[in-house]
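As provided, query00.tsv (TSV, C-alpha atoms) reads as follows.
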```tsv
chain	number	residue	atom	x	y	z
A	1	MET	CA	38.63	54.18	122.63
A	2	THR	CA	41.65	53.15	120.66
A	3	GLY	CA	45.28	54.10	120.63
A	4	ILE	CA	44.91	56.86	118.13
A	5	ALA	CA	42.82	59.00	120.44
A	6	MET	CA	45.84	59.75	122.52
A	7	THR	CA	45.71	61.82	125.62
A	8	GLN	CA	47.24	65.23	125.21
A	9	THR	CA	50.56	64.62	126.89
A	10	PRO	CA	53.29	67.15	126.26
A	11	GLN	CA	56.33	65.68	124.57
A	12	ALA	CA	59.65	65.65	126.35
A	13	ASN	CA	60.87	68.48	124.16
A	14	GLY	CA	58.02	70.68	125.35
A	15	GLY	CA	56.91	70.97	121.76
A	16	ARG	CA	53.69	69.93	120.08
A	17	LEU	CA	51.30	67.69	121.84
A	18	SER	CA	51.51	64.10	120.74
A	19	GLY	CA	47.72	64.08	120.59
A	20	GLU	CA	47.87	66.79	117.99
A	21	LEU	CA	50.36	64.80	115.97
A	22	TYR	CA	47.56	62.44	115.05
A	23	LYS	CA	45.49	65.26	113.68
A	24	VAL	CA	48.23	65.96	111.17
A	25	VAL	CA	49.63	62.45	110.76
A	26	GLU	CA	48.75	62.44	107.07
A	27	LEU	CA	51.15	65.35	106.54
A	28	ILE	CA	54.04	63.47	108.15
A	29	LEU	CA	53.27	60.41	106.03
A	30	ASP	CA	52.28	62.04	102.74
A	31	ARG	CA	54.08	65.36	102.71
A	32	GLY	CA	57.61	66.35	103.64
A	33	LEU	CA	60.72	66.17	101.55
A	34	VAL	CA	61.21	63.04	99.48
A	35	ILE	CA	64.61	62.13	98.09
A	36	ASP	CA	64.11	59.89	95.08
A	37	VAL	CA	67.41	58.06	95.47
A	38	PHE	CA	66.63	57.13	99.07
A	39	VAL	CA	64.45	54.21	100.04
A	40	ARG	CA	61.21	54.79	101.84
A	41	VAL	CA	60.31	52.31	104.54
A	42	SER	CA	56.99	50.55	104.34
A	43	VAL	CA	54.18	52.47	105.90
A	44	ILE	CA	51.49	50.06	104.84
A	45	GLY	CA	48.71	50.29	107.33
A	46	LEU	CA	49.04	53.97	107.91
A	47	GLU	CA	48.60	54.89	104.29
A	48	VAL	CA	45.07	53.56	104.50
A	49	VAL	CA	44.30	56.59	106.63
A	50	THR	CA	44.36	58.63	103.46
A	51	ILE	CA	43.57	56.00	100.85
A	52	ASP	CA	40.31	54.96	102.49
A	53	ALA	CA	39.24	58.57	102.77
A	54	ARG	CA	38.93	58.83	99.02
A	55	VAL	CA	36.06	56.42	98.82
A	56	VAL	CA	33.89	57.87	101.55
A	57	VAL	CA	31.47	59.78	99.35
A	58	ALA	CA	31.49	57.49	96.33
A	59	GLY	CA	30.62	53.88	95.74
A	60	VAL	CA	27.63	51.67	96.47
A	61	ASP	CA	28.46	51.32	100.17
A	62	ALA	CA	28.51	55.07	100.62
A	63	TYR	CA	25.26	55.46	98.66
A	64	LEU	CA	23.51	52.86	100.78
A	65	ARG	CA	24.81	54.47	103.94
A	66	PHE	CA	23.53	57.90	102.87
A	67	ALA	CA	20.15	56.44	101.91
A	68	GLU	CA	19.83	54.68	105.22
A	69	MET	CA	20.90	57.73	107.22
A	70	CYS	CA	18.37	59.87	105.36
A	71	GLY	CA	15.69	57.29	106.03
A	72	ARG	CA	16.30	57.54	109.75
A	73	LEU	CA	16.33	61.33	109.92
A	74	ASP	CA	13.63	63.18	111.79
A	75	LEU	CA	12.87	66.19	109.61
A	76	THR	CA	10.26	67.68	111.87
A	77	GLY	CA	12.19	68.82	114.93
A	78	SER	CA	14.73	71.58	115.30
A	79	SER	CA	18.23	71.13	114.00
A	80	PRO	CA	20.41	69.21	116.44
A	81	ARG	CA	23.57	70.89	117.59
A	82	ILE	CA	26.86	69.48	116.49
A	83	GLY	CA	27.43	67.08	119.33
A	84	ARG	CA	31.17	66.89	119.37
A	85	SER	CA	34.03	69.02	118.28
A	86	LEU	CA	36.42	68.10	115.51
A	87	ARG	CA	39.06	67.32	118.09
A	88	ASP	CA	36.90	64.55	119.47
A	89	ALA	CA	35.45	63.47	116.17
A	90	LEU	CA	38.50	63.01	113.99
A	91	PRO	CA	40.02	59.89	115.52
A	92	LEU	CA	36.66	58.18	115.36
A	93	GLU	CA	36.55	58.84	111.64
A	94	LEU	CA	39.79	57.02	110.96
A	95	PRO	CA	39.39	53.56	109.49
A	96	GLY	CA	39.72	50.63	111.84
A	97	ARG	CA	42.70	49.14	110.10
A	98	ALA	CA	44.62	52.36	110.53
A	99	ARG	CA	43.63	52.55	114.16
A	100	THR	CA	45.01	49.17	114.99
A	101	GLU	CA	48.18	49.85	113.04
A	102	ILE	CA	48.86	53.06	114.91
A	103	GLY	CA	47.99	51.68	118.31
B	104	MET	CA	74.55	50.72	108.20
B	105	SER	CA	71.87	52.72	106.40
B	106	SER	CA	70.91	56.19	107.57
B	107	TYR	CA	67.46	57.38	108.55
B	108	VAL	CA	67.07	61.03	107.54
B	109	TYR	CA	65.02	63.51	109.59
B	110	CYS	CA	65.63	66.86	108.00
B	111	PHE	CA	67.98	69.22	106.20
B	112	THR	CA	68.86	72.64	107.49
B	113	ARG	CA	71.63	75.21	107.35
B	114	ALA	CA	75.01	74.60	108.92
B	115	SER	CA	74.49	77.84	110.87
B	116	HIS	CA	71.44	76.36	112.65
B	117	PRO	CA	71.98	75.97	116.44
B	118	LEU	CA	70.80	72.32	116.19
B	119	PRO	CA	69.76	71.68	119.80
B	120	LEU	CA	70.01	67.89	119.75
B	121	GLU	CA	71.14	67.08	123.30
B	122	GLY	CA	69.05	64.26	124.70
B	123	ALA	CA	67.13	63.63	121.47
B	124	VAL	CA	67.05	60.13	120.04
B	125	GLY	CA	66.01	58.65	116.74
B	126	VAL	CA	63.33	56.26	115.54
B	127	GLY	CA	63.39	52.56	116.34
B	128	GLU	CA	63.26	50.58	119.54
B	129	HIS	CA	66.98	51.02	120.21
B	130	ALA	CA	66.63	54.82	120.23
B	131	PRO	CA	69.71	55.49	118.10
B	132	ALA	CA	71.78	58.63	118.64
B	133	LEU	CA	71.39	61.49	116.18
B	134	ARG	CA	74.31	62.67	114.11
B	135	LEU	CA	74.99	65.35	111.54
B	136	VAL	CA	76.07	65.02	107.93
B	137	ARG	CA	77.61	68.26	106.72
B	138	GLU	CA	78.10	69.52	103.18
B	139	GLN	CA	78.99	73.12	102.42
B	140	ASP	CA	76.35	75.37	104.06
B	141	LEU	CA	73.91	72.52	104.64
B	142	VAL	CA	73.53	69.85	107.27
B	143	ALA	CA	71.37	66.75	107.49
B	144	VAL	CA	70.17	65.27	110.77
B	145	VAL	CA	70.31	61.47	110.61
B	146	SER	CA	70.55	58.37	112.78
B	147	ASP	CA	71.24	54.72	112.16
B	148	ALA	CA	68.18	53.30	110.44
B	149	PRO	CA	66.52	50.61	112.53
B	150	GLU	CA	65.82	47.22	111.01
B	151	ASN	CA	62.24	46.62	109.98
B	152	LEU	CA	61.03	50.13	110.69
B	153	ARG	CA	57.30	50.49	110.26
B	154	ALA	CA	54.99	53.42	110.83
B	155	LYS	CA	54.30	52.78	114.48
B	156	ARG	CA	52.98	55.49	116.72
B	157	ARG	CA	56.19	55.51	118.77
B	158	ASP	CA	58.32	56.15	115.70
B	159	LEU	CA	56.03	58.75	114.16
B	160	VAL	CA	56.22	60.65	117.43
B	161	LYS	CA	60.02	60.41	117.46
B	162	HIS	CA	60.36	61.46	113.83
B	163	ASP	CA	58.17	64.48	114.47
B	164	ALA	CA	59.84	65.25	117.82
B	165	VAL	CA	63.32	65.37	116.27
B	166	ILE	CA	62.11	67.67	113.51
B	167	GLY	CA	60.02	69.73	115.94
B	168	ARG	CA	62.98	70.35	118.21
B	169	ILE	CA	65.11	71.62	115.33
B	170	TYR	CA	62.24	73.54	113.81
B	171	ALA	CA	61.68	75.34	117.12
B	172	ALA	CA	65.19	76.80	116.84
B	173	GLY	CA	65.23	77.70	113.14
B	174	THR	CA	64.18	76.95	109.59
B	175	VAL	CA	64.14	73.30	108.63
B	176	LEU	CA	63.25	71.11	105.63
B	177	PRO	CA	61.39	68.15	107.18
B	178	MET	CA	61.60	64.74	105.52
B	179	ARG	CA	58.57	62.60	104.92
B	180	PHE	CA	58.45	59.79	107.49
B	181	GLY	CA	60.61	56.84	106.55
B	182	MET	CA	63.33	58.20	104.27
B	183	VAL	CA	66.36	55.93	104.46
B	184	ALA	CA	69.67	56.48	102.66
B	185	PRO	CA	72.15	53.64	102.05
B	186	ASP	CA	74.74	55.46	104.19
B	187	ASP	CA	75.89	58.91	105.32
B	188	GLU	CA	77.91	59.33	102.17
B	189	ALA	CA	74.74	59.07	100.08
B	190	VAL	CA	73.17	61.79	102.24
B	191	GLN	CA	76.20	63.98	101.67
B	192	THR	CA	76.02	63.36	97.93
B	193	GLU	CA	72.36	64.39	97.93
B	194	LEU	CA	73.15	67.60	99.84
B	195	ARG	CA	75.97	68.39	97.43
B	196	SER	CA	73.89	67.87	94.31
B	197	GLY	CA	70.93	69.78	95.77
B	198	VAL	CA	72.78	72.53	97.57
B	199	ARG	CA	71.24	75.31	95.51
B	200	ARG	CA	67.72	73.94	95.53
B	201	TYR	CA	67.75	73.28	99.28
B	202	SER	CA	69.22	76.69	100.05
B	203	GLU	CA	66.50	78.36	97.99
B	204	LEU	CA	63.84	76.30	99.69
B	205	LEU	CA	65.17	77.27	103.11
B	206	SER	CA	65.13	80.95	102.13
B	207	ARG	CA	61.57	80.67	100.88
B	208	ILE	CA	60.41	79.15	104.16
B	209	ASP	CA	62.40	81.40	106.51
B	210	GLY	CA	60.12	83.22	108.91
B	211	HIS	CA	57.06	81.17	107.97
B	212	VAL	CA	55.05	78.45	109.68
B	213	GLU	CA	52.69	75.83	108.36
B	214	LEU	CA	49.15	76.05	109.66
B	215	ASN	CA	46.85	73.15	108.88
B	216	VAL	CA	43.11	73.65	108.76
B	217	LYS	CA	40.61	70.83	108.77
B	218	GLY	CA	36.90	71.26	108.30
B	219	ILE	CA	34.36	68.65	109.29
B	220	HIS	CA	30.69	68.33	108.53
B	221	ALA	CA	28.38	66.91	111.17
B	222	GLU	CA	26.95	64.41	108.73
B	223	GLU	CA	23.48	63.99	110.15
B	224	ALA	CA	22.91	67.73	110.42
B	225	LEU	CA	24.21	68.19	106.87
B	226	LEU	CA	21.88	65.53	105.45
B	227	ARG	CA	19.00	67.05	107.32
B	228	ASP	CA	19.77	70.44	105.84
B	229	LEU	CA	20.05	68.96	102.34
B	230	LEU	CA	16.69	67.23	102.59
B	231	LEU	CA	14.97	70.29	104.02
B	232	GLN	CA	16.28	72.49	101.23
B	233	ASN	CA	15.90	70.10	98.32
B	234	ASP	CA	12.28	69.22	97.56
B	235	GLU	CA	13.15	66.41	95.17
B	236	LEU	CA	15.50	64.66	97.59
B	237	ARG	CA	13.00	65.06	100.39
B	238	ALA	CA	10.20	63.59	98.26
B	239	ARG	CA	12.32	60.62	97.24
B	240	ASN	CA	13.37	60.04	100.82
B	241	HIS	CA	9.74	60.13	101.87
B	242	ALA	CA	8.75	57.71	99.10
B	243	LEU	CA	11.49	55.25	100.04
B	244	ARG	CA	10.47	55.40	103.66
B	245	ALA	CA	6.83	54.83	102.72
B	246	ALA	CA	7.97	51.78	100.74
B	247	GLY	CA	9.66	50.36	103.81
B	248	GLY	CA	13.11	51.45	102.67
B	249	GLY	CA	12.75	50.58	98.99
B	250	SER	CA	14.69	48.10	96.87
B	251	HIS	CA	18.46	47.86	96.92
B	252	GLN	CA	18.54	49.55	93.54
B	253	ASP	CA	16.26	52.39	94.68
B	254	LYS	CA	18.38	52.98	97.76
B	255	VAL	CA	21.59	53.06	95.74
B	256	ALA	CA	20.10	55.48	93.21
B	257	PHE	CA	18.79	57.77	95.93
B	258	GLY	CA	22.04	57.54	97.92
B	259	GLU	CA	23.99	58.51	94.82
B	260	HIS	CA	21.94	61.70	94.51
B	261	VAL	CA	22.50	62.46	98.17
B	262	ALA	CA	26.22	61.81	97.75
B	263	ALA	CA	26.35	64.27	94.89
B	264	ALA	CA	24.62	66.90	97.02
B	265	VAL	CA	27.04	66.18	99.88
B	266	ALA	CA	30.00	66.52	97.52
B	267	GLU	CA	28.64	69.86	96.36
B	268	ARG	CA	28.41	71.16	99.91
B	269	ARG	CA	31.90	69.89	100.68
B	270	ALA	CA	33.31	71.72	97.69
B	271	ARG	CA	31.37	74.87	98.49
B	272	ASP	CA	32.40	75.00	102.14
B	273	ALA	CA	36.00	74.09	101.31
B	274	GLY	CA	36.06	76.95	98.83
B	275	GLN	CA	34.86	79.31	101.52
B	276	VAL	CA	37.51	78.19	104.01
B	277	ILE	CA	40.23	78.70	101.43
B	278	ALA	CA	38.87	82.03	100.21
B	279	ARG	CA	38.83	83.48	103.73
B	280	LEU	CA	42.28	82.26	104.79
B	281	GLN	CA	44.31	82.36	101.60
B	282	PRO	CA	44.77	86.17	101.66
B	283	HIS	CA	46.87	85.78	104.82
B	284	ALA	CA	49.12	83.03	103.46
B	285	ALA	CA	52.21	83.05	101.28
B	286	GLN	CA	51.42	79.60	99.92
B	287	ILE	CA	48.63	77.10	100.15
B	288	ARG	CA	48.56	73.37	99.65
B	289	ARG	CA	45.71	70.93	99.94
B	290	GLY	CA	46.44	68.07	102.30
B	291	PRO	CA	45.63	64.45	101.50
B	292	PRO	CA	41.93	63.63	101.88
B	293	VAL	CA	41.11	62.71	105.47
B	294	ASP	CA	38.05	60.71	106.33
B	295	GLY	CA	35.31	62.91	107.71
B	296	CYS	CA	36.91	66.18	106.57
B	297	PHE	CA	35.39	68.32	103.84
B	298	VAL	CA	38.64	70.24	103.64
B	299	ASN	CA	42.21	69.54	104.69
B	300	VAL	CA	44.45	72.40	103.68
B	301	SER	CA	47.75	73.81	104.82
B	302	PHE	CA	48.85	77.41	104.66
B	303	LEU	CA	52.39	78.75	104.75
B	304	VAL	CA	52.02	81.86	106.86
B	305	ALA	CA	54.62	84.55	107.60
B	306	ALA	CA	55.19	85.26	111.28
B	307	GLY	CA	53.90	88.78	110.72
B	308	ALA	CA	50.64	87.50	109.24
B	309	ARG	CA	49.80	85.05	112.02
B	310	ALA	CA	47.52	87.42	113.91
B	311	ASP	CA	45.53	88.24	110.78
B	312	PHE	CA	45.28	84.57	109.86
B	313	ASP	CA	44.05	83.63	113.31
B	314	GLY	CA	41.74	86.63	113.27
B	315	ALA	CA	40.11	85.41	110.05
B	316	LEU	CA	39.05	82.14	111.69
B	317	SER	CA	36.28	83.49	113.91
B	318	PRO	CA	34.31	85.23	111.14
B	319	LEU	CA	34.84	82.14	108.96
B	320	ARG	CA	33.36	79.91	111.64
B	321	ARG	CA	30.37	82.21	111.93
B	322	GLU	CA	29.82	82.30	108.16
B	323	LEU	CA	29.93	78.56	107.63
B	324	PRO	CA	26.70	76.59	108.02
B	325	GLY	CA	25.91	75.28	111.49
B	326	TYR	CA	26.85	71.73	110.52
B	327	ALA	CA	30.41	72.76	109.60
B	328	SER	CA	33.28	73.25	112.03
B	329	VAL	CA	36.92	74.09	111.43
B	330	GLU	CA	40.00	73.36	113.51
B	331	LEU	CA	43.46	74.83	113.26
B	332	TYR	CA	46.58	72.72	113.84
B	333	GLY	CA	50.00	74.21	114.15
B	334	PRO	CA	52.32	75.91	113.85
B	335	LEU	CA	53.93	72.89	112.20
B	336	PRO	CA	57.25	72.31	110.49
B	337	PRO	CA	56.56	73.05	106.82
B	338	TYR	CA	55.86	69.46	105.75
B	339	SER	CA	53.51	70.61	103.00
B	340	PHE	CA	55.83	73.20	101.50
B	341	VAL	CA	59.07	71.39	100.81
B	342	GLY	CA	57.93	69.12	97.98
B	343	ASN	CA	58.08	69.66	94.27
B	344	GLU	CA	54.37	69.37	93.73
B	345	ALA	CA	52.39	72.33	92.49
B	346	ASP	CA	50.32	74.38	94.91
B	347	VAL	CA	46.70	73.32	95.48
```
Hey, can you dump this file as structure tokens for me?
Amino acid sequence: MTGIAMTQTPQANGGRLSGELYKVVELILDRGLVIDVFVRVSVIGLEVVTIDARVVVAGVDAYLRFAEMCGRLDLTGSSPRIGRSLRDALPLELPGRARTEIG
Amino acid sequence: MSSYVYCFTRASHPLPLEGAVGVGEHAPALRLVREQDLVAVVSDAPENLRAKRRDLVKHDAVIGRIYAAGTVLPMRFGMVAPDDEAVQTELRSGVRRYSELLSRIDGHVELNVKGIHAEEALLRDLLLQNDELRARNHALRAAGGGSHQDKVAFGEHVAAAVAERRARDAGQVIARLQPHAAQIRRGPPVDGCFVNVSFLVAAGARADFDGALSPLRRELPGYASVELYGPLPPYSFVGNEADV
């Protein structure tokens, strides 16, 4: 497990859990007020969290991955339950580069 | 010394800043820049600030602390002004716009909803329901996986079907929750999520919004799950961009 899957430790201010922060990190990095005349510090490395997401369902790599996943599926049995909740799943979905940058 | 900016709020805000520190390894003290009815919360900007976990947490903690005590306009992470005077100039020139924005957000919270598809279960469902895809999958398997070209062509069809389900389920999430929100804004795409959307919800509508989640979860296909994050400072509702 990497740094991004933080344990849910309450912040000193008693506010939101720092673990939850990473579920909404794209909002802190991509939303919020922007003042054009101010400089924005480099957030290279974290921006890939959102940039990489745009290519997940398109492109040859994605097509091959889908084809291979379909090829491995067992279509005879009953539908498997969703094995893990979104809370567990999300950090695992983040690209490796972003993970190391955050950690 | 340049100034790192956390948020704007009203001068009448209680601003509980005791003990809070800013971003950067030297944990700079927070200070206020005042202009008419507005105030900006800033600190010295650290050298070479990057988006490290420690600093993201601090940025959000400073804003969260102020947000917990009243309406706030949160900055995007990493906004640095040349000095406090530049911050003051910005407040002065934007005093009307920022005051209006604060009034629009008063009494509201941002709630972020993310939906995720369990990919294997989704693909299984697609193949079971789509005879053509299932036949092609079967043919490829019979051919020992098929050629690179065949796999790409098949995968592209699957991807299109996946995109269709994503759009359909995202539409359902939005349709069920939007009636309880004052504003809605799609979040940036997040890997693994078929929908990432934020709602600006009035305090009085929170119970209805939360109440709409359970029936939504039941209605969505078994391979879809939704999670709610928040209440958050209104990061998604302080920009100039159009809704959704």
For CA of Val261 in chain B and CA of Arg72 in chain A, the interatomic separation in Å (one decimal): 14.0 Å
Around all the atoms of range 192-210 of chain B listed in the file, draw an axis-aligned box and extend it by 6 Å on each of the six sides; I want its centre and edge lengths in Å to one decimal, as lines of an AutoDock Vina configuration file.
```
center_x = 68.1
center_y = 73.3
center_z = 101.6
size_x = 27.9
size_y = 31.9
size_z = 26.6
```
Nearest to Gly333 in chain B, chosen from B:Pro119, B:Gly247, B:Gly307, B:Gly167, with all atoms listed in the file counted in the distances: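 When distances to Gly333 in chain B are compared using all atoms listed in the file, the smallest one comes from B:Gly167.
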Please return as JSON, numbers by chain every residue within 7 Å of (62.6, 58.8, 108.0), taking into account only C-alpha atoms and the file's own coordinates. {"B": [107, 108, 109, 162, 178, 179, 180, 181, 182, 183]}
Between CA of Pro292 in chain B and CA of Arg320 in chain B, measure the distance and give it in Å to one decimal.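 That distance, rounded to one decimal, is 20.8 Å.
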